[in-house]
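Student: Just so it is clear, I am handing over input.pdb, which has PDB, C-alpha atoms.
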ATOM      1  CA  MET C   1       0.000   0.000   0.000  1.00  0.00           C
ATOM      2  CA  PHE C   2       1.300   3.455  -0.901  1.00  0.00           C
ATOM      3  CA  GLN C   3       0.375   6.530   1.105  1.00  0.00           C
ATOM      4  CA  VAL C   4       0.683  10.034  -0.352  1.00  0.00           C
ATOM      5  CA  TYR C   5       1.374  13.036   1.880  1.00  0.00           C
ATOM      6  CA  THR C   6       1.941  16.737   1.327  1.00  0.00           C
ATOM      7  CA  LYS C   7       3.995  18.906   3.621  1.00  0.00           C
ATOM      8  CA  LYS C   8       5.255  22.462   3.694  1.00  0.00           C
ATOM      9  CA  ARG C   9       8.855  22.861   2.642  1.00  0.00           C
ATOM     10  CA  GLY C  10      11.141  23.035   5.658  1.00  0.00           C
ATOM     11  CA  SER C  11       8.500  21.819   8.122  1.00  0.00           C
ATOM     12  CA  GLU C  12       8.342  18.241   9.387  1.00  0.00           C
ATOM     13  CA  LEU C  13       5.169  18.863  11.411  1.00  0.00           C
ATOM     14  CA  SER C  14       2.922  19.819   8.485  1.00  0.00           C
ATOM     15  CA  LYS C  15       2.537  16.340   6.955  1.00  0.00           C
ATOM     16  CA  ILE C  16      -1.027  15.712   5.689  1.00  0.00           C
ATOM     17  CA  GLN C  17      -2.211  12.468   4.078  1.00  0.00           C
ATOM     18  CA  VAL C  18      -3.987  13.031   0.751  1.00  0.00           C
ATOM     19  CA  GLY C  19      -4.478   9.468  -0.446  1.00  0.00           C
ATOM     20  CA  GLU C  20      -3.750   5.757  -0.209  1.00  0.00           C
ATOM     21  CA  PHE C  21      -3.218   3.558  -3.263  1.00  0.00           C
ATOM     22  CA  SER C  22      -2.290  -0.001  -4.152  1.00  0.00           C
ATOM     23  CA  ASP C  23      -0.684   1.134  -7.431  1.00  0.00           C
ATOM     24  CA  LEU C  24       2.493   3.250  -7.402  1.00  0.00           C
ATOM     25  CA  GLU C  25       1.621   5.060 -10.644  1.00  0.00           C
ATOM     26  CA  GLU C  26      -1.712   6.197  -9.175  1.00  0.00           C
ATOM     27  CA  ALA C  27       0.133   7.407  -6.089  1.00  0.00           C
ATOM     28  CA  PHE C  28       2.519   9.488  -8.238  1.00  0.00           C
ATOM     29  CA  ASP C  29      -0.398  10.974 -10.194  1.00  0.00           C
ATOM     30  CA  CYS C  30      -2.162  11.980  -6.976  1.00  0.00           C
ATOM     31  CA  ALA C  31       1.044  13.392  -5.472  1.00  0.00           C
ATOM     32  CA  GLU C  32       1.799  15.555  -8.491  1.00  0.00           C
ATOM     33  CA  LYS C  33      -1.762  16.867  -8.666  1.00  0.00           C
ATOM     34  CA  ALA C  34      -1.754  17.635  -4.917  1.00  0.00           C
ATOM     35  CA  ILE C  35       1.208  20.024  -5.199  1.00  0.00           C
ATOM     36  CA  GLU C  36       0.443  21.432  -8.650  1.00  0.00           C
ATOM     37  CA  ASN C  37       0.702  25.254  -8.615  1.00  0.00           C
ATOM     38  CA  LYS C  38       1.625  25.199  -4.903  1.00  0.00           C
ATOM     39  CA  PRO C  39       5.348  25.998  -4.708  1.00  0.00           C
ATOM     40  CA  ASP C  40       5.364  25.952  -0.896  1.00  0.00           C
ATOM     41  CA  LEU C  41       4.355  22.243  -0.792  1.00  0.00           C
ATOM     42  CA  LYS C  42       6.190  19.052  -1.570  1.00  0.00           C
ATOM     43  CA  TYR C  43       4.978  15.449  -1.662  1.00  0.00           C
ATOM     44  CA  VAL C  44       6.123  12.290   0.050  1.00  0.00           C
ATOM     45  CA  ILE C  45       5.113   8.777  -1.005  1.00  0.00           C
ATOM     46  CA  GLU C  46       5.555   6.049   1.596  1.00  0.00           C
ATOM     47  CA  GLU C  47       5.064   2.305   1.251  1.00  0.00           C
ATOM     48  CA  THR C  48       3.524   0.359   4.119  1.00  0.00           C
ATOM     49  CA  SER C  49       3.901  -3.347   4.710  1.00  0.00           C
ATOM     50  CA  GLY C  50       1.216  -3.722   7.365  1.00  0.00           C
ATOM     51  CA  HIS C  51       3.776  -4.397  10.105  1.00  0.00           C
ATOM     52  CA  PHE C  52       4.055  -2.412  13.325  1.00  0.00           C
ATOM     53  CA  ASN C  53       6.974  -1.626  15.634  1.00  0.00           C
ATOM     54  CA  SER C  54       6.998  -2.283  19.374  1.00  0.00           C
ATOM     55  CA  TYR C  55       5.293   1.097  19.980  1.00  0.00           C
ATOM     56  CA  GLY C  56       2.348   0.203  17.754  1.00  0.00           C
ATOM     57  CA  GLU C  57       3.410   2.566  14.952  1.00  0.00           C
ATOM     58  CA  LEU C  58       2.989   1.445  11.346  1.00  0.00           C
ATOM     59  CA  LEU C  59       6.332   0.753   9.671  1.00  0.00           C
ATOM     60  CA  THR C  60       6.804   2.712   6.443  1.00  0.00           C
ATOM     61  CA  GLU C  61       9.511   3.241   3.861  1.00  0.00           C
ATOM     62  CA  THR C  62       9.808   6.454   1.836  1.00  0.00           C
ATOM     63  CA  VAL C  63       9.548   5.593  -1.862  1.00  0.00           C
ATOM     64  CA  ALA C  64       9.680   9.119  -3.333  1.00  0.00           C
ATOM     65  CA  GLU C  65       9.885  12.714  -2.225  1.00  0.00           C
ATOM     66  CA  SER C  66       9.737  15.839  -4.368  1.00  0.00           C
ATOM     67  CA  ASP C  67      12.513  18.425  -4.231  1.00  0.00           C
TER      68      ASP C  67
END
Translate the structure described by the file into structure tokens.
Tutor:
Amino acid sequence: MFQVYTKKRGSELSKIQVGEFSDLEEAFDCAEKAIENKPDLKYVIEETSGHFNSYGELLTETVAESD
């Protein structure tokens, strides 16, 4: 599963989920549309495996991040 987030450049606390997809291409399409004409935002695409750490947090791996 791929989760798409937007966040303000330079701010780690502004991460907002905008979608969840099973297909990576769909995730990229959503990510690009989410930041289109918004130069202060960037996207992050994370892949989840469904596993959790000892704190109960979902384990994710960053697949892509815009500049």
Student: For Gly10 of chain C, which residue out of C:Leu41, C:Val63, C:Leu24, C:Leu58 is the nearest one, using all atoms listed in the file?
Tutor: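 Checking each candidate against Gly10 of chain C, we get C:Leu41 as the closest.
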Student: Give me the residues within 12 Å of Ser22 of chain C as a ChimeraX atom specification, counting only C-alpha atoms and dropping any in the same chain fewer than 3 places off.
Tutor: /C:1-4,19,25-28,45-49
Student: Quick one: pull the distance between atom CA of Glu57 of chain C and atom CA of Arg9 of chain C, Å, one decimal.
Tutor: 24.4 Å
Student: What is the atom CA of Ala64 of chain C to atom CA of Gln17 of chain C distance in Å?
Tutor: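 Value for the atom CA of Ala64 of chain C-atom CA of Gln17 of chain C distance: 14.4 Å.
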Student: Excluding same-chain residues fewer than 6 positions from Asp67 of chain C, what lies within 12 Å of it counting all atoms listed in the file, as a list of chain:residue names?
Tutor: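 The residues satisfying every condition are C:Lys7, C:Lys8, C:Arg9, C:Gly10, C:Glu32, C:Ile35, C:Pro39, C:Asp40, C:Leu41, C:Lys42, C:Tyr43, C:Val44.
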Student: Distance atom CA of Asp29 of chain C-atom CA of Phe52 of chain C, one decimal place?
Tutor: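 That distance, rounded to one decimal, is 27.4 Å.
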Student: Nearest residue to Glu36 of chain C out of C:Asn53, C:Ile16, C:Thr60, C:Thr6, using only C-alpha atoms?
Tutor: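 Among C:Asn53, C:Ile16, C:Thr60, C:Thr6, it is C:Thr6 that comes nearest to Glu36 of chain C.
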Student: From the options C:Val18, C:Glu12, C:Glu65, C:Tyr55, which residue's atoms come nearest to Lys33 of chain C, counting only C-alpha atoms?
Tutor: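 Once distances to Lys33 of chain C are computed over only C-alpha atoms, the minimum belongs to C:Val18.
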